[in-house]
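> File name data.txt; file contents compact mmCIF, C-alpha atoms; full text below.
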# COMPACT_ATOMS: atom_id res chain seq x y z
CA MET A 19 -47.98 -23.58 97.52
CA LYS A 20 -51.66 -24.04 98.29
CA PRO A 21 -52.94 -27.63 98.53
CA LEU A 22 -55.74 -28.50 96.13
CA ASN A 23 -59.27 -28.53 97.48
CA ARG A 24 -61.27 -31.72 97.04
CA LEU A 25 -62.95 -30.51 93.86
CA GLN A 26 -59.57 -29.73 92.33
CA ILE A 27 -58.36 -33.22 93.24
CA ALA A 28 -61.47 -34.61 91.54
CA TRP A 29 -60.78 -32.40 88.50
CA ARG A 30 -57.24 -33.78 88.26
CA ALA A 31 -58.42 -37.40 88.42
CA ALA A 32 -61.09 -36.67 85.81
CA GLN A 33 -58.39 -35.66 83.32
CA ASP A 34 -57.18 -39.28 83.26
CA VAL A 35 -60.59 -40.83 82.52
CA GLY A 36 -60.38 -41.86 78.89
CA ASP A 37 -62.96 -41.96 76.15
CA GLY A 38 -65.17 -45.05 76.27
CA MET A 39 -64.31 -46.04 79.82
CA VAL A 40 -66.75 -47.53 82.32
CA VAL A 41 -66.00 -46.03 85.74
CA ASN A 42 -67.36 -46.43 89.23
CA LEU A 43 -67.11 -43.40 91.50
CA GLY A 44 -67.10 -43.98 95.25
CA LEU A 45 -69.17 -42.04 97.75
CA GLY A 46 -67.79 -38.73 98.96
CA MET A 47 -64.96 -37.03 97.08
CA PRO A 48 -64.90 -39.40 94.06
CA VAL A 49 -68.44 -38.68 92.81
CA ALA A 50 -67.30 -35.14 91.97
CA VAL A 51 -65.07 -36.61 89.23
CA ALA A 52 -68.21 -36.84 87.08
CA ASP A 53 -68.46 -33.05 86.96
CA TYR A 54 -65.01 -32.57 85.38
CA LEU A 55 -64.81 -35.23 82.66
CA HIS A 56 -63.58 -34.07 79.25
CA SER A 57 -66.59 -32.84 77.33
CA GLU A 58 -65.62 -35.04 74.38
CA ALA A 59 -65.07 -38.17 76.50
CA ASP A 60 -67.95 -40.62 76.18
CA VAL A 61 -67.93 -42.26 79.60
CA PHE A 62 -70.34 -44.60 81.37
CA ILE A 63 -70.54 -44.16 85.12
CA GLN A 64 -71.61 -47.35 86.84
CA SER A 65 -73.16 -47.26 90.29
CA GLU A 66 -73.17 -50.47 92.29
CA ASN A 67 -76.94 -50.31 92.87
CA GLY A 68 -77.23 -51.40 89.22
CA VAL A 69 -77.32 -48.13 87.27
CA ILE A 70 -74.99 -48.26 84.26
CA GLY A 71 -74.89 -44.75 82.83
CA VAL A 72 -75.43 -42.33 85.72
CA GLY A 73 -76.15 -38.83 84.40
CA PRO A 74 -76.10 -35.47 86.19
CA LEU A 75 -78.05 -34.96 89.42
CA ALA A 76 -81.76 -34.40 88.82
CA ALA A 77 -83.07 -30.85 88.94
CA PRO A 78 -85.58 -30.46 91.81
CA GLU A 79 -88.53 -30.49 89.41
CA HIS A 80 -87.32 -33.75 87.82
CA ILE A 81 -86.55 -35.77 90.95
CA ASP A 82 -87.79 -39.34 90.84
CA THR A 83 -87.32 -41.15 94.16
CA ASP A 84 -86.76 -44.48 92.39
CA LEU A 85 -83.94 -43.07 90.25
CA VAL A 86 -80.99 -42.97 92.63
CA ASP A 87 -77.36 -43.99 92.79
CA ALA A 88 -75.65 -46.05 95.50
CA GLY A 89 -75.30 -42.90 97.61
CA SER A 90 -79.08 -42.26 97.50
CA ARG A 91 -78.52 -39.19 95.31
CA ARG A 92 -81.41 -38.38 92.98
CA ILE A 93 -79.87 -38.72 89.54
CA THR A 94 -80.72 -38.75 85.85
CA LEU A 95 -79.69 -41.32 83.25
CA ARG A 96 -77.35 -40.63 80.34
CA PRO A 97 -78.30 -41.74 76.82
CA GLY A 98 -77.63 -45.46 76.42
CA ALA A 99 -78.07 -46.17 80.12
CA ALA A 100 -79.32 -49.49 81.49
CA ILE A 101 -80.30 -50.70 84.95
CA VAL A 102 -79.64 -54.19 86.27
CA ASP A 103 -80.23 -55.86 89.63
CA SER A 104 -77.60 -56.06 92.38
CA SER A 105 -76.37 -59.57 91.64
CA TRP A 106 -75.73 -58.67 87.99
CA SER A 107 -74.20 -55.35 89.01
CA PHE A 108 -71.64 -57.08 91.22
CA ALA A 109 -71.07 -59.85 88.72
CA ALA A 110 -70.03 -57.05 86.34
CA ILE A 111 -67.71 -55.62 88.99
CA ARG A 112 -66.12 -58.95 89.96
CA GLY A 113 -65.95 -60.02 86.33
CA GLY A 114 -63.59 -57.19 85.46
CA HIS A 115 -66.05 -55.17 83.38
CA ILE A 116 -65.37 -51.90 85.22
CA ASP A 117 -62.33 -50.10 83.80
CA VAL A 118 -61.66 -47.87 86.77
CA ALA A 119 -62.97 -47.55 90.30
CA VAL A 120 -62.20 -44.17 91.85
CA LEU A 121 -62.37 -44.61 95.61
CA GLY A 122 -61.80 -42.56 98.72
CA ALA A 123 -59.34 -43.91 101.30
CA PHE A 124 -58.00 -43.57 104.81
CA GLU A 125 -54.64 -45.16 103.97
CA VAL A 126 -52.79 -46.54 100.95
CA ALA A 127 -49.64 -48.64 101.42
CA ALA A 128 -46.53 -48.75 99.25
CA ASN A 129 -47.54 -52.18 97.92
CA GLY A 130 -51.00 -50.93 96.90
CA ASP A 131 -52.90 -52.20 99.94
CA LEU A 132 -56.01 -50.11 100.54
CA ALA A 133 -57.78 -49.27 103.82
CA ASN A 134 -61.00 -47.37 103.19
CA TRP A 135 -63.89 -49.07 104.93
CA ASP A 136 -63.50 -49.14 108.68
CA MET A 137 -62.08 -46.27 110.70
CA ARG A 138 -62.96 -48.17 113.89
CA LEU A 139 -65.23 -45.39 115.11
CA PRO A 140 -66.39 -45.96 118.67
CA ASN A 141 -70.11 -46.71 119.02
CA LYS A 142 -70.59 -47.09 115.25
CA GLY A 143 -71.34 -50.24 113.31
CA PRO A 144 -69.13 -51.24 110.38
CA LEU A 145 -70.03 -50.27 106.79
CA VAL A 146 -68.32 -52.17 103.99
CA GLY A 147 -70.85 -51.78 101.16
CA GLY A 148 -69.29 -52.50 97.77
CA ALA A 149 -65.83 -51.23 98.67
CA MET A 150 -64.12 -54.64 98.80
CA ASP A 151 -65.70 -55.83 95.57
CA LEU A 152 -64.65 -52.70 93.68
CA ALA A 153 -61.16 -52.57 95.16
CA SER A 154 -60.51 -56.27 94.50
CA CYS A 155 -61.96 -56.54 91.01
CA ALA A 156 -62.06 -53.25 89.07
CA ARG A 157 -59.44 -53.33 86.31
CA ALA A 158 -57.78 -50.27 87.85
CA VAL A 159 -58.23 -48.68 91.26
CA TRP A 160 -57.50 -44.99 91.68
CA VAL A 161 -57.68 -43.31 95.06
CA ILE A 162 -58.64 -39.72 95.81
CA MET A 163 -57.73 -38.49 99.29
CA ASP A 164 -55.97 -35.79 101.28
CA HIS A 165 -52.24 -36.38 101.56
CA VAL A 166 -52.36 -36.28 105.38
CA THR A 167 -55.06 -36.63 108.04
CA ARG A 168 -56.63 -33.63 109.76
CA LYS A 169 -54.05 -34.13 112.50
CA GLY A 170 -51.23 -34.15 109.94
CA ALA A 171 -50.45 -37.89 109.93
CA PRO A 172 -49.52 -39.39 106.55
CA ARG A 173 -52.12 -41.39 104.65
CA LEU A 174 -49.56 -42.81 102.23
CA VAL A 175 -47.82 -45.38 104.40
CA GLU A 176 -45.47 -48.38 104.32
CA LYS A 177 -48.16 -50.60 105.82
CA CYS A 178 -51.81 -49.85 106.54
CA THR A 179 -52.77 -49.68 110.21
CA LEU A 180 -56.55 -49.68 109.63
CA PRO A 181 -58.49 -52.76 108.47
CA LEU A 182 -57.72 -53.62 104.84
CA THR A 183 -60.25 -53.31 102.04
CA ALA A 184 -58.15 -55.23 99.54
CA MET A 185 -54.51 -56.18 99.09
CA ARG A 186 -52.22 -54.75 96.38
CA CYS A 187 -55.02 -53.12 94.41
CA VAL A 188 -54.30 -49.38 94.12
CA LYS A 189 -52.64 -48.19 90.91
CA ARG A 190 -52.69 -44.43 91.36
CA VAL A 191 -53.36 -41.92 94.14
CA TYR A 192 -54.50 -38.31 93.66
CA THR A 193 -53.96 -36.15 96.74
CA ASP A 194 -54.09 -32.44 97.47
CA HIS A 195 -50.28 -32.45 97.15
CA ALA A 196 -49.35 -34.92 94.44
CA VAL A 197 -50.19 -37.61 91.93
CA VAL A 198 -48.49 -40.85 92.97
CA ASP A 199 -48.33 -44.15 91.09
CA ILE A 200 -48.07 -47.43 92.98
CA THR A 201 -45.55 -49.58 91.11
CA GLN A 202 -43.70 -52.85 91.70
CA GLY A 203 -40.91 -50.69 93.06
CA GLY A 204 -43.13 -48.68 95.43
CA MET A 205 -44.51 -45.14 95.22
CA VAL A 206 -43.51 -42.98 92.27
CA VAL A 207 -44.41 -39.28 92.25
CA ARG A 208 -45.69 -38.18 88.83
CA GLU A 209 -46.85 -34.70 89.75
CA MET A 210 -46.34 -32.45 92.74
CA LEU A 211 -47.55 -28.97 93.76
CA ALA A 212 -45.27 -26.21 92.50
CA GLY A 213 -43.35 -24.69 95.41
CA LEU A 214 -43.24 -27.95 97.32
CA SER A 215 -39.80 -29.56 97.62
CA GLU A 216 -39.09 -33.26 97.41
CA SER A 217 -38.16 -33.26 101.09
CA ASP A 218 -41.40 -31.42 101.98
CA LEU A 219 -43.38 -34.17 100.28
CA ARG A 220 -41.28 -36.93 101.87
CA GLN A 221 -41.95 -35.35 105.27
CA ARG A 222 -45.71 -35.65 104.72
CA THR A 223 -45.51 -39.20 103.41
CA GLY A 224 -45.15 -42.36 105.48
CA ALA A 225 -43.53 -44.46 102.74
CA ALA A 226 -40.45 -44.20 100.55
CA LEU A 227 -41.00 -42.02 97.46
CA THR A 228 -39.27 -42.10 94.10
CA PHE A 229 -39.66 -39.04 91.88
CA ALA A 230 -40.31 -39.78 88.22
CA PRO A 231 -37.63 -38.31 85.93
CA ASP A 232 -40.40 -36.38 84.18
CA CYS A 233 -42.20 -35.38 87.43
CA ARG A 234 -44.33 -32.34 86.62
CA ALA A 235 -46.05 -29.55 88.48
CA LEU A 236 -49.55 -30.49 89.70
CA THR A 237 -51.79 -27.72 88.39
CA THR A 238 -55.56 -27.36 88.16
CA PRO A 239 -57.91 -24.50 87.37
CA PRO A 240 -59.23 -22.57 90.37
CA ILE A 241 -62.43 -24.26 91.56
CA GLU A 242 -64.40 -22.77 94.43
CA LEU A 243 -65.94 -25.05 97.01
CA PRO A 244 -69.65 -24.46 97.63
CA ALA A 245 -70.32 -21.93 100.38
CA GLY A 246 -70.16 -23.41 103.87
CA ASP A 247 -68.08 -26.37 102.68
CA ARG A 248 -65.08 -27.34 104.75
CA ALA A 249 -61.67 -27.96 103.10
CA MET B 8 -107.78 -73.42 89.52
CA ALA B 9 -106.59 -70.23 87.87
CA ILE B 10 -103.41 -68.82 89.36
CA ASP B 11 -104.02 -65.65 91.32
CA LYS B 12 -101.34 -64.40 93.72
CA ARG B 13 -103.11 -61.22 94.77
CA ILE B 14 -103.76 -60.83 98.48
CA GLY B 15 -105.90 -58.10 99.98
CA THR B 16 -103.66 -56.68 102.68
CA ALA B 17 -100.06 -56.77 103.87
CA ALA B 18 -101.25 -58.22 107.19
CA GLU B 19 -102.95 -61.17 105.45
CA ALA B 20 -99.88 -61.75 103.30
CA LEU B 21 -97.72 -62.11 106.42
CA ALA B 22 -100.19 -63.95 108.69
CA ASP B 23 -98.11 -67.16 108.78
CA VAL B 24 -94.65 -65.74 109.56
CA ALA B 25 -93.14 -67.72 112.42
CA ASP B 26 -90.66 -66.87 115.18
CA GLY B 27 -87.05 -67.51 114.18
CA ALA B 28 -87.64 -66.85 110.48
CA THR B 29 -84.85 -65.67 108.19
CA VAL B 30 -86.24 -62.67 106.32
CA PHE B 31 -84.81 -60.96 103.24
CA ILE B 32 -85.66 -57.26 102.83
CA SER B 33 -84.94 -55.49 99.51
CA GLY B 34 -83.90 -51.88 98.99
CA PHE B 35 -80.72 -49.92 98.42
CA GLY B 36 -79.72 -46.36 97.63
CA GLY B 37 -83.10 -45.00 98.65
CA ALA B 38 -85.20 -47.15 96.29
CA GLY B 39 -87.05 -50.45 96.53
CA PHE B 40 -87.80 -50.62 100.25
CA PRO B 41 -90.96 -52.70 100.99
CA ASN B 42 -91.97 -50.37 103.80
CA ALA B 43 -95.65 -51.36 103.95
CA LEU B 44 -94.64 -55.01 104.39
CA ILE B 45 -91.98 -54.13 106.97
CA ARG B 46 -94.60 -52.27 109.01
CA ALA B 47 -97.03 -55.17 108.71
CA LEU B 48 -94.33 -57.59 109.86
CA ARG B 49 -93.61 -55.38 112.86
CA ASP B 50 -97.32 -55.35 113.72
CA ARG B 51 -97.49 -59.15 113.47
CA GLY B 52 -94.47 -59.29 115.76
CA PRO B 53 -92.63 -62.59 115.16
CA ARG B 54 -89.52 -62.78 117.38
CA GLN B 55 -85.93 -63.98 117.03
CA LEU B 56 -85.81 -62.98 113.35
CA THR B 57 -82.66 -63.04 111.25
CA LEU B 58 -82.76 -60.12 108.81
CA VAL B 59 -80.80 -60.33 105.56
CA VAL B 60 -80.84 -56.73 104.41
CA ASN B 61 -78.29 -54.48 102.70
CA SER B 62 -78.38 -51.86 105.42
CA ALA B 63 -79.34 -52.25 109.08
CA THR B 64 -80.20 -48.54 109.16
CA HIS B 65 -81.23 -46.61 106.08
CA ARG B 66 -82.97 -43.28 106.21
CA TYR B 67 -85.59 -44.39 103.68
CA SER B 68 -86.19 -47.87 105.10
CA MET B 69 -88.42 -48.96 107.99
CA THR B 70 -86.08 -51.85 108.86
CA HIS B 71 -85.05 -50.08 112.06
CA GLU B 72 -88.63 -50.42 113.34
CA LEU B 73 -88.27 -54.22 113.44
CA ILE B 74 -85.03 -53.80 115.37
CA GLU B 75 -86.48 -51.16 117.69
CA ALA B 76 -89.40 -53.49 118.44
CA GLY B 77 -86.97 -56.15 119.68
CA LEU B 78 -87.92 -58.71 117.03
CA VAL B 79 -84.44 -59.30 115.63
CA ARG B 80 -81.67 -61.59 116.92
CA LYS B 81 -79.26 -61.31 113.99
CA VAL B 82 -78.60 -59.04 111.01
CA VAL B 83 -76.67 -60.07 107.90
CA CYS B 84 -75.85 -56.87 106.02
CA THR B 85 -73.22 -54.79 104.23
CA ALA B 86 -73.81 -51.56 106.15
CA ALA B 87 -74.45 -51.39 109.88
CA ARG B 88 -73.57 -47.77 110.55
CA GLY B 89 -76.21 -45.30 111.67
CA HIS B 90 -76.46 -41.79 110.29
CA SER B 91 -76.02 -39.70 113.41
CA LYS B 92 -73.64 -39.42 116.34
CA GLU B 93 -76.25 -41.04 118.55
CA PRO B 94 -76.23 -44.82 118.09
CA SER B 95 -79.02 -46.17 115.88
CA PRO B 96 -81.44 -48.75 117.33
CA PHE B 97 -79.27 -51.40 115.67
CA GLU B 98 -76.02 -50.00 117.03
CA ARG B 99 -77.43 -49.79 120.56
CA GLN B 100 -78.60 -53.42 120.61
CA TRP B 101 -75.42 -54.61 118.88
CA MET B 102 -73.18 -52.88 121.42
CA ASP B 103 -75.32 -54.33 124.24
CA GLY B 104 -74.75 -57.80 122.79
CA LYS B 105 -78.46 -58.29 122.14
CA ILE B 106 -78.14 -58.63 118.39
CA GLU B 107 -75.62 -60.53 116.30
CA LEU B 108 -74.02 -58.94 113.23
CA GLU B 109 -72.57 -60.56 110.13
CA CYS B 110 -71.03 -57.85 107.93
CA VAL B 111 -70.55 -58.97 104.31
CA PRO B 112 -69.06 -57.26 101.23
CA GLN B 113 -71.99 -56.22 99.06
CA GLY B 114 -71.16 -58.32 96.01
CA THR B 115 -70.58 -61.35 98.20
CA PHE B 116 -73.89 -60.61 99.92
CA ALA B 117 -75.71 -60.56 96.55
CA GLU B 118 -73.90 -63.64 95.25
CA ARG B 119 -74.51 -65.67 98.42
CA ILE B 120 -78.23 -65.00 97.97
CA ARG B 121 -78.01 -65.76 94.24
CA ALA B 122 -76.30 -69.06 95.06
CA GLY B 123 -79.02 -69.84 97.58
CA GLY B 124 -81.65 -69.44 94.90
CA ALA B 125 -79.67 -71.19 92.17
CA GLY B 126 -78.84 -74.48 93.85
CA ILE B 127 -75.20 -73.64 94.57
CA ALA B 128 -73.99 -74.52 98.08
CA ALA B 129 -70.94 -72.25 98.14
CA PHE B 130 -68.52 -70.46 95.81
CA TYR B 131 -65.03 -68.97 95.71
CA THR B 132 -64.69 -65.19 95.34
CA PRO B 133 -61.54 -63.05 95.25
CA VAL B 134 -63.30 -60.39 97.33
CA GLY B 135 -62.20 -60.10 100.94
CA VAL B 136 -58.94 -62.08 100.68
CA GLY B 137 -56.51 -60.82 103.31
CA THR B 138 -59.16 -58.79 105.16
CA GLU B 139 -60.83 -59.37 108.49
CA LEU B 140 -64.10 -60.25 106.74
CA ALA B 141 -62.42 -63.41 105.42
CA GLN B 142 -61.03 -64.50 108.78
CA GLY B 143 -61.72 -68.15 109.51
CA LYS B 144 -62.85 -68.88 105.96
CA GLU B 145 -61.23 -71.33 103.58
CA VAL B 146 -58.87 -69.68 101.07
CA ARG B 147 -57.86 -71.51 97.93
CA SER B 148 -55.69 -70.59 94.98
CA PHE B 149 -56.91 -70.85 91.38
CA GLY B 150 -54.65 -69.77 88.53
CA GLY B 151 -52.31 -68.02 90.94
CA ARG B 152 -54.98 -65.88 92.58
CA GLU B 153 -56.47 -66.45 96.01
CA TYR B 154 -60.21 -66.85 96.60
CA VAL B 155 -62.39 -67.10 99.71
CA LEU B 156 -65.06 -69.77 100.11
CA GLU B 157 -68.45 -68.20 100.79
CA ALA B 158 -71.64 -70.13 101.61
CA ALA B 159 -75.07 -69.62 100.08
CA ILE B 160 -77.85 -67.90 102.02
CA LYS B 161 -81.43 -69.14 101.92
CA GLY B 162 -84.40 -67.63 103.68
CA ASP B 163 -87.91 -68.35 104.84
CA LEU B 164 -89.42 -65.10 103.63
CA ALA B 165 -88.52 -62.30 101.20
CA LEU B 166 -90.18 -58.90 101.38
CA ILE B 167 -89.64 -57.00 98.14
CA ARG B 168 -90.90 -53.84 96.48
CA ALA B 169 -91.83 -53.65 92.80
CA ASP B 170 -93.76 -51.32 90.56
CA SER B 171 -96.40 -53.38 88.80
CA ALA B 172 -97.59 -56.97 88.95
CA ASP B 173 -100.12 -59.20 87.26
CA ARG B 174 -102.11 -61.94 88.91
CA TYR B 175 -99.46 -64.51 87.95
CA GLY B 176 -96.95 -62.67 90.16
CA ASN B 177 -94.87 -61.35 87.26
CA LEU B 178 -93.20 -58.09 88.30
CA THR B 179 -91.75 -54.94 86.80
CA PHE B 180 -89.53 -52.47 88.64
CA ARG B 181 -89.02 -48.73 88.24
CA TYR B 182 -85.45 -47.54 87.73
CA ALA B 183 -83.17 -48.50 90.63
CA GLN B 184 -86.02 -50.07 92.59
CA MET B 185 -84.85 -53.47 91.39
CA ASN B 186 -81.57 -53.78 93.36
CA PHE B 187 -81.82 -56.82 95.67
CA GLY B 188 -85.50 -57.64 94.95
CA PRO B 189 -85.11 -60.19 92.14
CA VAL B 190 -82.20 -62.08 93.69
CA MET B 191 -83.80 -62.21 97.14
CA ALA B 192 -86.97 -63.56 95.55
CA THR B 193 -85.04 -66.54 94.20
CA ALA B 194 -83.73 -67.64 97.61
CA ALA B 195 -86.73 -67.50 99.96
CA ALA B 196 -89.36 -70.15 100.58
CA CYS B 197 -92.11 -67.51 100.53
CA VAL B 198 -91.86 -64.29 98.54
CA VAL B 199 -94.21 -61.37 99.17
CA ALA B 200 -94.10 -58.38 96.84
CA GLU B 201 -95.64 -55.02 97.55
CA VAL B 202 -96.44 -53.15 94.36
CA ARG B 203 -97.79 -49.80 93.25
CA THR B 204 -100.41 -51.44 91.07
CA VAL B 205 -101.69 -54.78 89.80
CA LEU B 206 -102.51 -54.75 86.12
CA ALA B 207 -105.70 -56.33 84.81
CA GLU B 208 -103.89 -57.88 81.86
CA PRO B 209 -100.79 -60.10 81.94
CA ILE B 210 -97.54 -58.14 81.71
CA PRO B 211 -96.06 -58.62 78.20
CA HIS B 212 -93.26 -61.19 78.42
CA GLU B 213 -90.53 -58.83 77.28
CA ARG B 214 -91.35 -56.43 80.14
CA VAL B 215 -91.33 -59.03 82.92
CA GLN B 216 -88.27 -58.40 85.09
CA LEU B 217 -89.03 -61.08 87.68
CA PRO B 218 -91.08 -64.07 86.54
CA GLY B 219 -94.06 -65.00 88.68
CA LEU B 220 -92.64 -68.43 89.47
CA TYR B 221 -90.51 -66.70 92.10
CA VAL B 222 -93.37 -64.72 93.65
CA ASP B 223 -95.96 -66.18 96.02
CA ARG B 224 -98.04 -63.21 97.15
CA VAL B 225 -98.69 -59.74 95.75
CA VAL B 226 -100.09 -56.85 97.77
CA THR B 227 -101.09 -53.54 96.21
CA VAL B 228 -99.95 -50.67 98.41
CA GLY B 229 -99.98 -47.72 95.99
CA ALA B 230 -97.17 -45.29 95.20
Show me this structure written as structure tokens.

Amino acid sequence: MKPLNRLQIAWRAAQDVGDGMVVNLGLGMPVAVADYLHSEADVFIQSENGVIGVGPLAAPEHIDTDLVDAGSRRITLRPGAAIVDSSWSFAAIRGGHIDVAVLGAFEVAANGDLANWDMRLPNKGPLVGGAMDLASCARAVWVIMDHVTRKGAPRLVEKCTLPLTAMRCVKRVYTDHAVVDITQGGMVVREMLAGLSESDLRQRTGAALTFAPDCRALTTPPIELPAGDRA
Amino acid sequence: MAIDKRIGTAAEALADVADGATVFISGFGGAGFPNALIRALRDRGPRQLTLVVNSATHRYSMTHELIEAGLVRKVVCTAARGHSKEPSPFERQWMDGKIELECVPQGTFAERIRAGGAGIAAFYTPVGVGTELAQGKEVRSFGGREYVLEAAIKGDLALIRADSADRYGNLTFRYAQMNFGPVMATAAACVVAEVRTVLAEPIPHERVQLPGLYVDRVVTVGA
């Protein structure tokens, strides 16, 4: 029973991105989802700086400093891409034109509340960016995160302790241990690492879990992290 | 007299900026920062400025130089976190209580500016409901969903970065350079654009991304 690394979590989430979807990928772990989309899935990745149709990262010889995503990464455009200004970009987000936002998180609560913007770091200013807009208004919000903190505390909780990003917004959570749906009746485990018992998972989770009758093993291909990368 | 919005230097374009001004600054994700204008504003040195800028500290923006120079009393932004363990110039002054911060969700930030430039006093948005960024704001229910009342933002000056201009002030932008530039230009009393180049001929209408009616002054600063 080896927990998934963050690229394997991204791979697993990518399997659920359907043909024709418009998706927004949050900074950090979620942007890696783009690398594992089905080759036959025709997907538009929207970035909140206005790029609709983010392509792969630019090769060093093709970098253009004006062609960036919201994370300042030097990107390319996919065929059919368009670029709009920030007010239009967020009108698209609030207007429900983004099918899925894949976001990182600190905590997700059993009712779908999301905390992902303010860890209350001492001596650091707050950074909200587009997190609240995406979490409140994307048609579906999926979260990618580790199942527990570095200190072993659960991130799936009954009630968030950190400042909320949006209320009752998360539909599905992909962790290094499991795939969990947030339903009217609370958290439902759809997939779980082979070799992990239900009580093991409950021990690492701060909210009540139901196991789906057809709960399956969470499996991914082996994916190596880049050299020097932690966890 | 024929319209001609070209001005020789950034310093001339900013010669009348007063203390206490509310200043919009474009740029996001590494593109569209009007860094030549920011530097010229710092050199002019108006005090007690309110900056309306996406990020108080961005590695590609010179905004921090205005803050470091002690010209800023308040920042309205979506991101106020520095990049390193050491506090940024903003974070230091904010923690010392020398600078006021209003942290706004990015879509609300853009829409408040859009409203300011579009004659809308305030609007209801679902973003932020139930969070600390909506504390103290009116919440109202429409169709069973809750919305927060957010007020428009207007400014005295907008500093924006574009790619090309013509003498009428029409602008084009390269790739993601656009971001907050067009919307900020709608909401400020005086709009100064720094551009890579000014074209001798008018920009064809279908290529104009920001009409010249929003732009007051154009300064060529090169690439």
> Just need the residues of chain B within 9 Å of chain A, counting only C-alpha atoms, so spit them out as a PyMOL selection string.
chain B and resi 35-39+61-62+84-89+92-95+97-99+101-102+110-118+120-121+132-139+181-190
> Figure out the distance between atom CA of A:Gly204 and atom CA of A:Thr228, please, to one decimal in Å.
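We find that atom CA of A:Thr228 and atom CA of A:Gly204 lie 7.7 Å from each other.
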> Give me, as a ChimeraX atom specification, all polymer residues having an atom no more than 10 Å from A:Gln202, counting all atoms listed in the file and skipping those fewer than 2 positions away in the same chain.
/A:128-130,186,199-200,204-206
> Can you measure atom CA of A:Ile70 to atom CA of B:Val222 for me? One decimal in Å is fine.
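If I compute the distance from atom CA of A:Ile70 to atom CA of B:Val222, I get 26.4 Å.
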> Of the residues B:Val228, B:Asp23, B:Ala207, B:Leu140, which is the one nearest to A:Trp135, using only C-alpha atoms?
B:Leu140
> Which polymer residues have any atom within 9 Å of an atom of A:Val40, counting all atoms listed in the file, with same-chain residues fewer than 3 positions away left out, as an MDAnalysis selection string?
chainID A and resid 61:64 70:71 115:119
> At what distance in Å, to one decimal, does atom CA of B:Gln216 lie from atom CA of B:Ile45?
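Answer for the atom CA of B:Ile45 to atom CA of B:Gln216 separation: 22.6 Å.
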> Closest to A:Asn42 among A:Val120, A:Ile27, A:Ala158, A:Ala99, using all atoms listed in the file?
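Of A:Val120, A:Ile27, A:Ala158, A:Ala99, the one nearest A:Asn42, counting all atoms listed in the file, is A:Val120.
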> Residues within 8 Å of (-86.8, -66.3, 100.0), file coordinates, counting all atoms listed in the file: what are they? Give the list as a PDB file with C-alpha atoms, in the frame of the given file.

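Result file follows (result.pdb):
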ATOM      1  CA  VAL B  30     -86.240 -62.670 106.320  1.00  0.00           C
ATOM      2  CA  PHE B  31     -84.810 -60.960 103.240  1.00  0.00           C
ATOM      3  CA  GLY B 124     -81.650 -69.440  94.900  1.00  0.00           C
ATOM      4  CA  LYS B 161     -81.430 -69.140 101.920  1.00  0.00           C
ATOM      5  CA  GLY B 162     -84.400 -67.630 103.680  1.00  0.00           C
ATOM      6  CA  ASP B 163     -87.910 -68.350 104.840  1.00  0.00           C
ATOM      7  CA  LEU B 164     -89.420 -65.100 103.630  1.00  0.00           C
ATOM      8  CA  ALA B 165     -88.520 -62.300 101.200  1.00  0.00           C
ATOM      9  CA  MET B 191     -83.800 -62.210  97.140  1.00  0.00           C
ATOM     10  CA  ALA B 192     -86.970 -63.560  95.550  1.00  0.00           C
ATOM     11  CA  THR B 193     -85.040 -66.540  94.200  1.00  0.00           C
ATOM     12  CA  ALA B 194     -83.730 -67.640  97.610  1.00  0.00           C
ATOM     13  CA  ALA B 195     -86.730 -67.500  99.960  1.00  0.00           C
ATOM     14  CA  ALA B 196     -89.360 -70.150 100.580  1.00  0.00           C
ATOM     15  CA  CYS B 197     -92.110 -67.510 100.530  1.00  0.00           C
ATOM     16  CA  VAL B 198     -91.860 -64.290  98.540  1.00  0.00           C
TER      17      VAL B 198
END
> So which one's closest to B:Leu108, B:Ser171, B:Gln142, B:Thr70, B:Thr57? Using only C-alpha atoms, please.
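Residue with the minimum atom-to-atom distance to B:Leu108: B:Thr57.
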> Using only C-alpha atoms - which residues lie no farther than 12 Å from the point (-92.8, -55.1, 110.3) in the file's frame? Write them as a PyMOL selection string.
chain B and resi 17-18+20-22+24+30+32+41-54+56+58+68-79+166
> Nearest residue to A:Thr167 out of A:Leu43, A:Ile93, A:Met19, A:Ala123, using all atoms listed in the file?
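Going through A:Leu43, A:Ile93, A:Met19, A:Ala123 one by one, the smallest distance to A:Thr167 is for A:Ala123.
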